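J.: Quick one, coords-v4.cif (mmCIF, C-alpha atoms):
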```cif
data_upload
loop_
_atom_site.label_atom_id
_atom_site.label_comp_id
_atom_site.auth_asym_id
_atom_site.auth_seq_id
_atom_site.Cartn_x
_atom_site.Cartn_y
_atom_site.Cartn_z
CA MET A 23 0.00 0.00 0.00
CA SER A 24 1.50 3.33 -1.05
CA GLN A 25 1.74 6.11 1.51
CA GLU A 26 0.18 9.46 0.81
CA LYS A 27 2.59 12.37 0.57
CA LEU A 28 2.68 14.47 3.74
CA SER A 29 4.22 17.84 4.61
CA ASN A 30 7.77 18.59 3.61
CA LEU A 31 8.75 18.56 7.30
CA ALA A 32 7.13 15.19 7.90
CA GLU A 33 8.78 13.75 4.81
CA THR A 34 12.26 15.08 5.56
CA LEU A 35 12.64 15.15 9.35
CA ILE A 36 14.79 12.41 10.83
CA GLY A 37 13.52 11.01 14.13
CA SER A 38 15.77 10.93 17.19
CA GLU A 39 18.68 8.62 16.42
CA ILE A 40 19.26 8.15 20.15
CA VAL A 41 15.68 7.07 20.82
CA LYS A 42 15.83 4.74 17.81
CA LEU A 43 19.05 3.16 19.08
CA GLY A 44 17.66 2.92 22.60
CA ASN A 45 14.50 1.18 21.38
CA ALA A 46 16.53 -1.36 19.43
CA ILE A 47 18.64 -2.09 22.49
CA SER A 48 15.53 -2.42 24.68
CA VAL A 49 14.27 -5.13 22.35
CA ARG A 50 17.52 -7.06 22.80
CA ILE A 51 17.38 -6.66 26.57
CA ASN A 52 13.73 -7.79 26.65
CA ASN A 53 14.78 -10.88 24.69
CA GLY A 54 17.15 -11.79 27.52
CA GLU A 55 20.42 -10.38 26.15
CA ARG A 56 22.75 -8.78 28.70
CA ILE A 57 23.62 -5.30 27.44
CA PHE A 58 25.62 -2.54 29.13
CA ASN A 59 23.30 0.20 27.95
CA TYR A 60 24.95 3.63 28.24
CA THR A 61 23.01 5.28 25.43
CA ILE A 62 20.21 7.35 26.96
CA GLY A 63 20.95 10.59 28.81
CA ASP A 64 18.77 9.49 31.70
CA PHE A 65 19.08 8.01 35.17
CA ASP A 66 18.16 4.67 36.65
CA PRO A 67 16.07 5.83 39.63
CA LYS A 68 17.23 2.82 41.63
CA ILE A 69 20.80 4.12 41.33
CA PHE A 70 20.10 7.86 41.21
CA PRO A 71 16.77 8.65 42.89
CA ILE A 72 15.46 12.20 42.99
CA PRO A 73 16.13 14.14 46.22
CA MET A 74 14.09 12.62 49.06
CA GLU A 75 12.82 16.03 50.17
CA LEU A 76 11.63 16.81 46.66
CA GLU A 77 9.84 13.47 46.44
CA GLU A 78 7.96 14.18 49.66
CA LEU A 79 7.04 17.66 48.46
CA ILE A 80 5.62 16.27 45.21
CA ILE A 81 3.53 13.68 47.03
CA ASP A 82 2.24 16.36 49.39
CA SER A 83 1.53 18.66 46.45
CA TYR A 84 -0.70 16.04 44.83
CA ARG A 85 -2.46 15.49 48.14
CA GLN A 86 -3.16 19.22 48.18
CA LYS A 87 -4.98 18.71 44.85
CA ASN A 88 -2.55 20.71 42.72
CA THR A 89 -3.76 18.98 39.57
CA ASN A 90 -5.30 21.77 37.48
CA TYR A 91 -3.72 23.83 34.70
CA PRO A 92 -0.76 25.94 35.83
CA ALA A 93 -0.29 29.53 34.68
CA GLY A 94 1.02 29.75 31.12
CA ASP A 95 4.32 31.30 32.22
CA GLY A 96 4.66 29.00 35.22
CA VAL A 97 3.31 29.40 38.73
CA ILE A 98 4.52 32.61 40.33
CA GLU A 99 5.99 30.77 43.32
CA LEU A 100 8.27 28.76 41.03
CA ARG A 101 9.38 31.74 38.95
CA LYS A 102 10.27 33.61 42.13
CA SER A 103 12.12 30.56 43.47
CA VAL A 104 14.07 30.14 40.23
CA SER A 105 14.99 33.83 40.42
CA ALA A 106 16.26 33.43 43.99
CA PHE A 107 17.99 30.12 43.22
CA ILE A 108 19.92 31.46 40.22
CA LYS A 109 20.96 34.56 42.16
CA GLU A 110 22.14 32.48 45.13
CA TRP A 111 24.03 29.83 43.15
CA GLU A 112 25.17 31.64 40.01
CA GLY A 113 24.99 35.34 40.77
CA LEU A 114 22.52 36.02 37.95
CA GLU A 115 19.62 38.40 38.54
CA TYR A 116 16.42 37.74 36.60
CA GLY A 117 12.95 38.88 37.64
CA ASP A 118 9.92 36.62 37.52
CA ASP A 119 8.79 38.33 34.29
CA GLU A 120 12.11 37.27 32.70
CA ILE A 121 11.58 33.57 33.47
CA GLN A 122 9.46 31.08 31.53
CA ILE A 123 8.63 27.64 32.92
CA ALA A 124 8.04 24.64 30.63
CA CYS A 125 8.07 20.85 30.71
CA GLY A 126 11.83 20.48 30.44
CA GLY A 127 14.33 21.92 28.00
CA ARG A 128 13.03 20.50 24.71
CA PRO A 129 9.94 22.70 24.23
CA LEU A 130 11.94 25.73 25.34
CA ILE A 131 14.69 25.10 22.79
CA TYR A 132 12.16 24.51 20.02
CA THR A 133 10.28 27.67 20.99
CA ILE A 134 13.49 29.71 21.13
CA PHE A 135 14.21 28.61 17.56
CA LYS A 136 10.68 29.59 16.52
CA THR A 137 11.02 32.94 18.30
CA PHE A 138 14.20 34.02 16.51
CA VAL A 139 14.51 32.03 13.30
CA ASP A 140 12.67 32.64 10.03
CA GLU A 141 13.04 30.32 7.06
CA GLY A 142 16.45 30.86 5.50
CA ASP A 143 17.98 32.53 8.57
CA ARG A 144 21.46 31.40 9.54
CA VAL A 145 21.83 29.30 12.71
CA ILE A 146 25.30 28.53 14.06
CA TYR A 147 25.85 25.34 16.04
CA ALA A 148 28.51 22.78 16.78
CA ALA A 149 28.64 19.17 15.71
CA PRO A 150 28.40 17.16 17.81
CA SER A 151 25.66 18.85 19.81
CA TRP A 152 22.23 17.82 20.98
CA ASN A 153 19.42 18.23 18.43
CA ASN A 154 20.43 21.62 17.02
CA ASN A 155 20.58 20.06 13.57
CA HIS A 156 16.97 18.88 13.89
CA TYR A 157 15.61 22.14 15.32
CA ALA A 158 17.37 24.07 12.55
CA HIS A 159 15.73 21.76 10.03
CA MET A 160 12.30 22.20 11.62
CA THR A 161 12.57 25.97 11.30
CA GLY A 162 13.92 25.92 7.73
CA ALA A 163 17.17 27.55 8.81
CA GLU A 164 20.43 27.70 6.95
CA HIS A 165 22.72 25.32 8.86
CA CYS A 166 26.08 26.85 9.81
CA VAL A 167 27.75 23.78 11.24
CA ILE A 168 31.07 23.79 13.09
CA GLU A 169 32.72 20.37 12.98
CA CYS A 170 34.46 20.30 16.35
CA THR A 171 37.49 18.19 17.17
CA ALA A 172 39.17 16.52 20.11
CA ALA A 173 41.88 19.21 20.05
CA HIS A 174 39.37 21.61 21.64
CA ASP A 175 37.41 18.97 23.58
CA PHE A 176 34.75 19.07 20.86
CA MET A 177 33.72 22.60 21.85
CA PRO A 178 33.42 25.43 19.30
CA THR A 179 35.93 28.27 19.49
CA ALA A 180 35.51 31.95 18.65
CA ALA A 181 37.73 31.36 15.62
CA ASP A 182 35.36 28.59 14.46
CA ILE A 183 32.31 30.83 14.88
CA LYS A 184 33.70 34.00 13.31
CA PRO A 185 33.36 32.99 9.62
CA PHE A 186 29.61 32.35 10.07
CA ILE A 187 28.67 35.28 12.25
CA LYS A 188 27.84 37.93 9.65
CA GLY A 189 24.10 37.86 9.10
CA ALA A 190 23.46 34.97 11.52
CA THR A 191 20.30 35.05 13.61
CA LEU A 192 20.97 32.47 16.33
CA LEU A 193 24.11 31.05 17.93
CA CYS A 194 23.58 27.85 19.90
CA LEU A 195 25.96 27.01 22.72
CA CYS A 196 25.65 24.24 25.28
CA THR A 197 28.05 24.02 28.20
CA PRO A 198 28.56 21.63 29.86
CA GLN A 199 27.80 20.04 26.54
CA ASN A 200 25.61 17.14 25.61
CA PRO A 201 26.99 14.82 24.22
CA THR A 202 30.61 15.49 25.10
CA GLY A 203 30.59 16.27 28.83
CA THR A 204 33.08 19.06 28.11
CA THR A 205 32.91 22.80 28.81
CA LEU A 206 33.75 26.20 27.40
CA SER A 207 36.63 27.97 29.11
CA ARG A 208 36.32 31.49 30.49
CA GLU A 209 38.71 32.79 27.84
CA GLU A 210 36.91 31.20 24.89
CA LEU A 211 33.43 32.13 26.04
CA THR A 212 34.57 35.74 26.55
CA LYS A 213 35.90 35.83 22.99
CA ILE A 214 32.61 34.44 21.68
CA CYS A 215 30.63 37.06 23.63
CA ASP A 216 32.80 39.80 22.16
CA LEU A 217 32.08 38.48 18.65
CA VAL A 218 28.34 38.64 19.30
CA LEU A 219 28.52 42.14 20.77
CA GLU A 220 30.67 43.45 17.92
CA GLU A 221 28.34 41.96 15.32
CA ASN A 222 25.25 43.45 16.95
CA LYS A 223 26.89 46.90 17.14
CA ARG A 224 27.62 46.65 13.42
CA ARG A 225 23.99 45.92 12.49
CA GLY A 226 21.59 48.70 11.67
CA PRO A 227 18.37 49.45 13.58
CA GLU A 228 16.23 47.62 10.99
CA GLU A 229 18.31 44.43 11.07
CA LYS A 230 17.56 41.47 13.29
CA LYS A 231 20.10 41.06 16.08
CA LEU A 232 22.17 37.95 16.70
CA TYR A 233 20.94 36.10 19.80
CA LEU A 234 22.70 33.46 21.85
CA MET A 235 20.80 30.41 23.08
CA TYR A 236 22.82 29.29 26.08
CA ASP A 237 21.88 25.78 27.17
CA GLN A 238 23.31 25.23 30.65
CA MET A 239 21.11 22.33 31.74
CA TYR A 240 24.17 20.57 33.23
CA TRP A 241 25.88 23.59 34.79
CA MET A 242 25.71 22.31 38.37
CA LEU A 243 27.46 19.07 37.40
CA THR A 244 31.13 20.01 37.09
CA TYR A 245 34.06 18.03 38.50
CA GLY A 246 37.60 18.61 39.67
CA LYS A 247 38.92 22.01 38.66
CA THR A 248 36.28 22.54 35.98
CA VAL A 249 34.34 25.80 36.37
CA HIS A 250 31.12 26.74 34.61
CA TYR A 251 30.96 30.24 33.12
CA ASN A 252 28.03 32.12 31.64
CA PRO A 253 27.98 34.95 29.09
CA VAL A 254 26.07 37.48 31.19
CA SER A 255 28.48 37.33 34.13
CA LEU A 256 31.47 37.63 31.80
CA ARG A 257 30.00 40.37 29.62
CA PRO A 258 26.96 42.10 31.22
CA GLU A 259 26.04 43.61 27.83
CA MET A 260 25.22 40.07 26.69
CA ARG A 261 22.10 40.15 28.86
CA ALA A 262 20.22 41.82 26.02
CA TYR A 263 21.08 39.02 23.57
CA THR A 264 21.13 35.86 25.69
CA VAL A 265 18.38 33.35 26.44
CA PHE A 266 19.30 30.65 28.95
CA VAL A 267 17.89 27.13 28.98
CA ASP A 268 18.01 25.46 32.39
CA GLY A 269 16.03 23.27 34.77
CA ILE A 270 16.05 20.51 37.36
CA THR A 271 16.10 17.71 34.80
CA LYS A 272 19.72 16.61 35.00
CA ALA A 273 21.05 18.52 38.02
CA PHE A 274 18.62 16.71 40.34
CA ALA A 275 18.30 13.38 38.46
CA SER A 276 14.72 14.48 37.76
CA THR A 277 14.28 13.79 34.06
CA GLY A 278 10.71 12.54 34.44
CA LEU A 279 9.48 15.49 36.51
CA ARG A 280 9.64 17.80 33.45
CA VAL A 281 10.41 21.13 35.07
CA GLY A 282 12.63 23.45 33.04
CA TRP A 283 12.96 27.17 32.53
CA ALA A 284 14.26 29.80 30.15
CA MET A 285 15.62 33.18 31.25
CA GLY A 286 16.12 36.25 29.12
CA PRO A 287 15.01 39.81 28.34
CA ALA A 288 11.35 40.31 29.30
CA PRO A 289 10.21 41.27 25.74
CA VAL A 290 11.78 38.10 24.34
CA ILE A 291 10.41 35.89 27.10
CA SER A 292 6.92 37.29 26.42
CA LYS A 293 7.19 36.11 22.80
CA ILE A 294 8.45 32.69 23.90
CA ARG A 295 5.52 32.54 26.32
CA ALA A 296 3.04 33.35 23.54
CA ILE A 297 4.30 30.54 21.31
CA LEU A 298 4.37 28.08 24.21
CA SER A 299 0.79 29.00 25.08
CA HIS A 300 -0.30 27.36 21.83
CA LEU A 301 1.77 24.24 22.48
CA GLY A 302 0.57 23.68 26.05
CA ALA A 303 4.03 22.46 27.03
CA TRP A 304 3.57 23.20 30.72
CA ALA A 305 5.32 21.51 33.60
CA PRO A 306 2.73 19.76 35.82
CA MET A 307 1.19 21.95 38.50
CA ALA A 308 2.06 19.65 41.41
CA GLU A 309 5.71 19.40 40.38
CA GLN A 310 5.95 23.17 39.88
CA LYS A 311 4.65 23.83 43.39
CA ALA A 312 7.01 21.23 44.89
CA VAL A 313 10.08 22.48 43.03
CA ALA A 314 9.26 26.04 44.09
CA THR A 315 9.61 24.99 47.72
CA TYR A 316 12.58 22.67 47.21
CA LEU A 317 14.86 25.12 45.39
CA LEU A 318 14.87 27.36 48.46
CA GLN A 319 15.98 24.55 50.79
CA LYS A 320 19.68 25.26 50.43
CA GLU A 321 20.88 22.72 53.01
CA SER A 322 18.87 19.96 51.34
CA VAL A 323 20.29 20.87 47.93
CA ILE A 324 23.86 20.85 49.28
CA ALA A 325 23.31 17.50 51.00
CA PHE A 326 21.93 15.97 47.80
CA PHE A 327 24.81 17.20 45.67
CA SER A 328 27.49 16.01 48.08
CA HIS A 329 26.49 12.43 47.28
CA PHE A 330 25.01 12.74 43.78
CA LYS A 331 27.93 14.53 42.13
CA SER A 332 30.56 12.25 43.66
CA SER A 333 28.62 9.16 42.50
CA VAL A 334 28.42 10.43 38.92
CA GLU A 335 32.05 11.52 38.90
CA LYS A 336 33.22 8.15 40.23
CA ARG A 337 31.54 6.38 37.31
CA LEU A 338 32.91 8.81 34.73
CA HIS A 339 36.46 8.33 35.99
CA ALA A 340 36.09 4.55 36.26
CA ILE A 341 35.06 4.27 32.61
CA TYR A 342 37.68 6.83 31.55
CA ASN A 343 40.41 4.82 33.32
CA GLY A 344 39.17 1.63 31.67
CA PHE A 345 39.50 3.12 28.19
CA ILE A 346 42.91 4.62 28.94
CA ASP A 347 44.14 1.24 30.21
CA LEU A 348 43.05 -0.32 26.91
CA LYS A 349 44.77 2.48 25.01
CA LYS A 350 48.01 1.78 26.91
CA LYS A 351 47.74 -1.86 25.84
CA GLY A 352 47.82 -0.73 22.22
CA TYR A 353 44.16 -0.84 21.29
CA ASN A 354 42.86 1.99 19.11
CA VAL A 355 40.60 3.57 21.72
CA ASP A 356 40.82 6.81 23.69
CA ALA A 357 38.85 9.06 26.05
CA ILE A 358 38.72 12.71 27.11
CA THR A 359 39.22 13.41 30.81
CA PRO A 360 35.85 13.88 32.56
CA GLN A 361 34.88 17.50 33.05
CA ALA A 362 31.13 17.78 33.59
CA ALA A 363 27.58 16.49 33.03
CA ILE A 364 26.84 12.74 33.01
CA TYR A 365 28.76 12.04 29.80
CA LEU A 366 32.17 10.78 28.80
CA THR A 367 33.63 11.20 25.32
CA VAL A 368 35.37 8.03 24.10
CA LYS A 369 37.00 7.00 20.85
CA VAL A 370 36.57 3.57 19.26
CA ASP A 371 38.49 3.80 16.00
CA LEU A 372 38.19 0.35 14.43
CA ALA A 373 36.92 1.00 10.90
CA GLY A 374 38.99 -0.99 8.38
CA LYS A 375 39.78 -3.81 10.80
CA THR A 376 38.70 -7.43 10.26
CA THR A 377 37.06 -9.75 12.79
CA ASP A 378 38.28 -13.25 13.61
CA THR A 379 35.53 -14.57 11.32
CA GLY A 380 36.84 -12.53 8.40
CA LYS A 381 34.21 -9.81 8.43
CA LEU A 382 35.43 -6.32 7.52
CA LEU A 383 34.32 -3.43 9.72
CA ALA A 384 33.91 -1.22 6.69
CA ASN A 385 32.53 1.86 8.43
CA GLN A 386 31.72 3.35 11.81
CA SER A 387 28.24 1.85 11.78
CA ASP A 388 29.86 -1.58 11.57
CA VAL A 389 32.07 -0.66 14.53
CA THR A 390 29.04 0.36 16.60
CA ASP A 391 27.31 -2.93 15.78
CA TYR A 392 30.45 -4.92 16.54
CA ILE A 393 31.05 -3.55 20.03
CA LEU A 394 27.35 -4.01 20.78
CA SER A 395 27.29 -7.61 19.59
CA GLU A 396 30.70 -8.72 20.87
CA ALA A 397 31.28 -6.57 23.97
CA LYS A 398 27.59 -5.97 24.75
CA LEU A 399 28.45 -2.27 25.05
CA ALA A 400 25.80 0.18 23.79
CA ILE A 401 27.02 3.76 23.32
CA VAL A 402 25.96 6.55 20.96
CA PRO A 403 28.14 7.59 18.00
CA PHE A 404 28.69 11.31 17.54
CA SER A 405 27.04 10.95 14.12
CA ALA A 406 23.75 10.83 16.07
CA PHE A 407 24.54 14.40 17.17
CA GLY A 408 25.12 15.87 13.74
CA ALA A 409 28.77 14.86 13.28
CA SER A 410 30.14 13.02 10.26
CA LYS A 411 29.18 9.35 9.89
CA THR A 412 32.90 8.54 9.80
CA ASN A 413 33.54 10.16 13.20
CA PRO A 414 35.00 7.50 15.55
CA TRP A 415 33.97 9.27 18.80
CA TYR A 416 31.07 8.29 21.04
CA ARG A 417 29.01 9.49 23.99
CA VAL A 418 28.94 7.31 27.11
CA SER A 419 26.12 8.18 29.52
CA VAL A 420 26.63 6.96 33.09
CA GLY A 421 23.16 7.54 34.55
CA THR A 422 22.42 3.81 34.45
CA CYS A 423 25.95 2.59 35.24
CA LYS A 424 26.57 0.17 38.10
CA LEU A 425 30.16 0.28 39.33
CA GLU A 426 30.20 -3.44 40.05
CA GLU A 427 29.53 -4.27 36.39
CA LEU A 428 32.50 -2.38 34.93
CA GLU A 429 35.05 -5.17 35.38
CA GLU A 430 32.88 -7.50 33.29
CA LEU A 431 32.30 -4.76 30.72
CA PHE A 432 35.99 -4.06 30.16
CA ASN A 433 36.83 -7.77 30.06
CA ASN A 434 34.23 -8.11 27.30
CA LEU A 435 35.53 -5.07 25.46
CA GLU A 436 39.15 -6.21 25.57
CA LYS A 437 38.18 -9.66 24.25
CA ALA A 438 36.26 -8.02 21.41
CA LEU A 439 39.18 -5.72 20.55
CA SER A 440 41.69 -8.59 20.67
CA LYS A 441 39.78 -10.46 17.94
CA LEU A 442 40.38 -7.71 15.40
CA GLN A 443 43.21 -7.54 12.89
#
```
Could you render the structure as structure tokens?
T.:
Amino acid sequence: MSQEKLSNLAETLIGSEIVKLGNAISVRINNGERIFNYTIGDFDPKIFPIPMELEELIIDSYRQKNTNYPAGDGVIELRKSVSAFIKEWEGLEYGDDEIQIACGGRPLIYTIFKTFVDEGDRVIYAAPSWNNNHYAHMTGAEHCVIECTAAHDFMPTAADIKPFIKGATLLCLCTPQNPTGTTLSREELTKICDLVLEENKRRGPEEKKLYLMYDQMYWMLTYGKTVHYNPVSLRPEMRAYTVFVDGITKAFASTGLRVGWAMGPAPVISKIRAILSHLGAWAPMAEQKAVATYLLQKESVIAFFSHFKSSVEKRLHAIYNGFIDLKKKGYNVDAITPQAAIYLTVKVDLAGKTTDTGKLLANQSDVTDYILSEAKLAIVPFSAFGASKTNPWYRVSVGTCKLEELEELFNNLEKALSKLQ
């Protein structure tokens, strides 16, 4: 039966490669196969439960019958709490009319694109990065893609951005970055801010300005000497051109609670709010009320992070050390030292090698299938984040990782690598 032709978007949009990979792996697991599944940027609640105090507040909120529609911009208690929380923890000052609540970061990012980008407008983003390629496609933008490399921890530099900046409408930055778990340095972010400010000064009063979408969903999850920086603190003039994306999703292992927020100039936020009002992408009322109370419980937040961050960091370093040990043994793998988020960037460069059964790993897709089949290791290739299909780097997500399983994992991986010629 032939399928009727649909809209151009429906016919051309590629679904989430990560979700597709995750679904395929779930089928294998449901069929009884043991898989070390580090693909989805989520948490196993048995390993990483949400803060106990937040859980109790949510239960109590439902008991108080907070089950009706919330305000379109988010309940006022939550917007005031976000304002106080960001000022306390990051030194940023945003009023409640400069904050928009939504059900996580996705609808906010989509709406930010729709707020700034007309068909044919230039959007600058890095590859790999999370979903910018798809949102640019959905808005009919001209893709200005920066192919990032390991030399700069897969983060874009000011020098990378500069050739695209003339006439661009939106610059997308994410730090700490999904998928890489790496961050922008103070020096590089300052240079990028200066580029944006110089470009906007150059533009005439009738021209659209260049805005920065600054996704900092993982900003509270930094390790060691890594420091998170933001454009507004470094260059206060950037306040007029920056829209932040943030929330509790990853910082509090609360992916299913769906409470996120955007912050920016009030006139811009009002436009974002108007578009969101037609999508109905609200965070649930009960969760909004609970989060409003929890964010102000500083001692509870500190207590949660003292355990949560160390647990994530321990897993990142354990997997990093495992890959470096294999590298020292001569296998063609590598990893970037953990910096932030719940992700580790690893290299599995095996294309062109032959298995012990004589099968050629002709491309990176074959490599991904091989380590899944032979080592039972499921990780996401950077090609799923807009990078080249020949890119040998991968994202490892540790939200479902059990420390006690890593010895078995690396034994499996070494056996699989040793079979290749």
J.: Calculate how many Å separate CA of Asp66 in chain A from CA of Gly278 in chain A, rounding to one decimal.
T.: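 CA of Gly278 in chain A lies at a distance of 11.1 Å from CA of Asp66 in chain A.
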J.: Could you tell me which residues the PyMOL selection byres ((chain A and resi 231) around 7) grabs in this file, written as a list in words?
T.: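 Selected by the PyMOL selection byres ((chain A and resi 231) around 7) in this file: Thr191, Asn222, Glu229, Lys230, Leu232 and Tyr233 of chain A.
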J.: Figure out the distance between CA of Thr412 in chain A and CA of Gly380 in chain A, please, to one decimal in Å.
T.: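 Separating CA of Gly380 in chain A from CA of Thr412 in chain A is a distance of 21.5 Å.
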J.: I'd like to see the residues matched by the PyMOL selection byres ((chain A and resi 343) around 12) on this file, and ideally I'd get them as a list in words.
T.: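 Given this file, the PyMOL selection byres ((chain A and resi 343) around 12) evaluates to Lys336, Arg337, Leu338, His339, Ala340, Ile341, Tyr342, Gly344, Phe345, Ile346, Asp347, Leu348, Lys349, Lys350, Val355, Asp356, Ala357, Ile358, Thr359, Pro360, Leu366, Val368, Leu428, Glu429 and Phe432 of chain A.
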J.: Give me a file of those residues, with C-alpha atoms, as a tab-separated table (two decimals), in the frame of the given file.
T.:
```
chain	number	residue	atom	x	y	z
A	336	LYS	CA	33.22	8.15	40.23
A	337	ARG	CA	31.54	6.38	37.31
A	338	LEU	CA	32.91	8.81	34.73
A	339	HIS	CA	36.46	8.33	35.99
A	340	ALA	CA	36.09	4.55	36.26
A	341	ILE	CA	35.06	4.27	32.61
A	342	TYR	CA	37.68	6.83	31.55
A	344	GLY	CA	39.17	1.63	31.67
A	345	PHE	CA	39.50	3.12	28.19
A	346	ILE	CA	42.91	4.62	28.94
A	347	ASP	CA	44.14	1.24	30.21
A	348	LEU	CA	43.05	-0.32	26.91
A	349	LYS	CA	44.77	2.48	25.01
A	350	LYS	CA	48.01	1.78	26.91
A	355	VAL	CA	40.60	3.57	21.72
A	356	ASP	CA	40.82	6.81	23.69
A	357	ALA	CA	38.85	9.06	26.05
A	358	ILE	CA	38.72	12.71	27.11
A	359	THR	CA	39.22	13.41	30.81
A	360	PRO	CA	35.85	13.88	32.56
A	366	LEU	CA	32.17	10.78	28.80
A	368	VAL	CA	35.37	8.03	24.10
A	428	LEU	CA	32.50	-2.38	34.93
A	429	GLU	CA	35.05	-5.17	35.38
A	432	PHE	CA	35.99	-4.06	30.16
```
J.: I need the residue nearest Ala397 in chain A from this list: A:Ile297, A:Ala438, A:Val420, A:Leu372. Use only C-alpha atoms for the distance.
T.: A:Ala438
J.: Which residue, A:Ala172, A:Val139, A:Leu279, A:Met74, has the smallest gap to Lys311 in chain A when you use only C-alpha atoms?
T.: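 The answer is A:Leu279, which sits nearest to Lys311 in chain A.
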J.: I'd like the residues picked by the PyMOL selection byres ((chain A and resi 324-329) around 12) written out as a count of residues only, using the chain letters and numbers from the file.
T.: 32
J.: Taking into account all atoms listed in the file, which residue in the set A:Asp119, A:Asp140, A:Glu26, A:Glu169 is nearest to Gly286 in chain A?
T.: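 Closest to Gly286 in chain A of all the choices is A:Asp119.
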J.: Kindly compute an axis-aligned box around the listed atoms of range 180-196 of chain A, allowing 5 Å on each side, and express its centre and edge lengths in Å to one decimal as lines of an AutoDock Vina configuration file.
T.:
```
center_x = 29.0
center_y = 31.1
center_z = 17.2
size_x = 27.4
size_y = 23.7
size_z = 26.2
```
J.: Do you know which residues are at most 10 Å from Gly113 in chain A counting only C-alpha atoms, after dropping those on the same chain fewer than 5 positions away, and could you put them as a VMD selection string?
T.: chain A and resid 106 to 108 254 to 255
J.: Rank A:Gly269, A:Pro414, A:Gly189, A:Gly226 by their smallest atom-to-atom distance to Met239 in chain A, using all atoms listed in the file, and report the top residue only.
T.: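 Residue with the minimum atom-to-atom distance to Met239 in chain A: A:Gly269.
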J.: Applying 12 Å and only C-alpha atoms, which residues near Asp216 in chain A remain after dropping the ones on its own chain fewer than 4 positions away? List them as JSON, numbers by chain.
T.: {"A": [180, 181, 183, 184, 187, 209, 210, 211, 212, 220, 221, 222, 223, 234, 253, 254, 256, 257, 258, 259, 260, 263]}
J.: Find, counting all atoms listed in the file, the residue in A:Tyr392, A:Phe176, A:Tyr147, A:Phe407 that gets nearest to Tyr236 in chain A.
T.: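 That would be A:Tyr147, the residue with the smallest distance to Tyr236 in chain A.
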J.: Using all atoms listed in the file, which residue out of A:Lys102, A:Gly44, A:Val281, A:Ala363 lies closest to Met307 in chain A?
T.: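 So, comparing all the options, the nearest one is A:Val281.
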J.: State, in Å with one decimal place, the distance from CA of Ile123 in chain A to CA of Ala314 in chain A.
T.: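 CA of Ala314 in chain A lies 11.3 Å from CA of Ile123 in chain A.
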J.: Give me, as a compact mmCIF listing (two decimals) with C-alpha atoms, keeping the file's coordinate frame, all polymer residues having an atom no more than 12 Å from Phe138 in chain A, counting only C-alpha atoms and skipping those fewer than 3 positions away in the same chain.
T.:
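What landed in part_3.txt:
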```
# COMPACT_ATOMS: atom_id res chain seq x y z
CA ILE A 131 14.69 25.10 22.79
CA TYR A 132 12.16 24.51 20.02
CA THR A 133 10.28 27.67 20.99
CA ILE A 134 13.49 29.71 21.13
CA PHE A 135 14.21 28.61 17.56
CA GLU A 141 13.04 30.32 7.06
CA GLY A 142 16.45 30.86 5.50
CA ASP A 143 17.98 32.53 8.57
CA ARG A 144 21.46 31.40 9.54
CA VAL A 145 21.83 29.30 12.71
CA ALA A 158 17.37 24.07 12.55
CA THR A 161 12.57 25.97 11.30
CA GLY A 162 13.92 25.92 7.73
CA ALA A 163 17.17 27.55 8.81
CA ALA A 190 23.46 34.97 11.52
CA THR A 191 20.30 35.05 13.61
CA LEU A 192 20.97 32.47 16.33
CA LEU A 193 24.11 31.05 17.93
CA CYS A 194 23.58 27.85 19.90
CA LYS A 230 17.56 41.47 13.29
CA LYS A 231 20.10 41.06 16.08
CA LEU A 232 22.17 37.95 16.70
CA TYR A 233 20.94 36.10 19.80
CA LEU A 234 22.70 33.46 21.85
CA MET A 235 20.80 30.41 23.08
CA TYR A 263 21.08 39.02 23.57
CA THR A 264 21.13 35.86 25.69
CA VAL A 265 18.38 33.35 26.44
CA VAL A 290 11.78 38.10 24.34
CA ILE A 291 10.41 35.89 27.10
CA LYS A 293 7.19 36.11 22.80
CA ILE A 294 8.45 32.69 23.90
CA ILE A 297 4.30 30.54 21.31
```
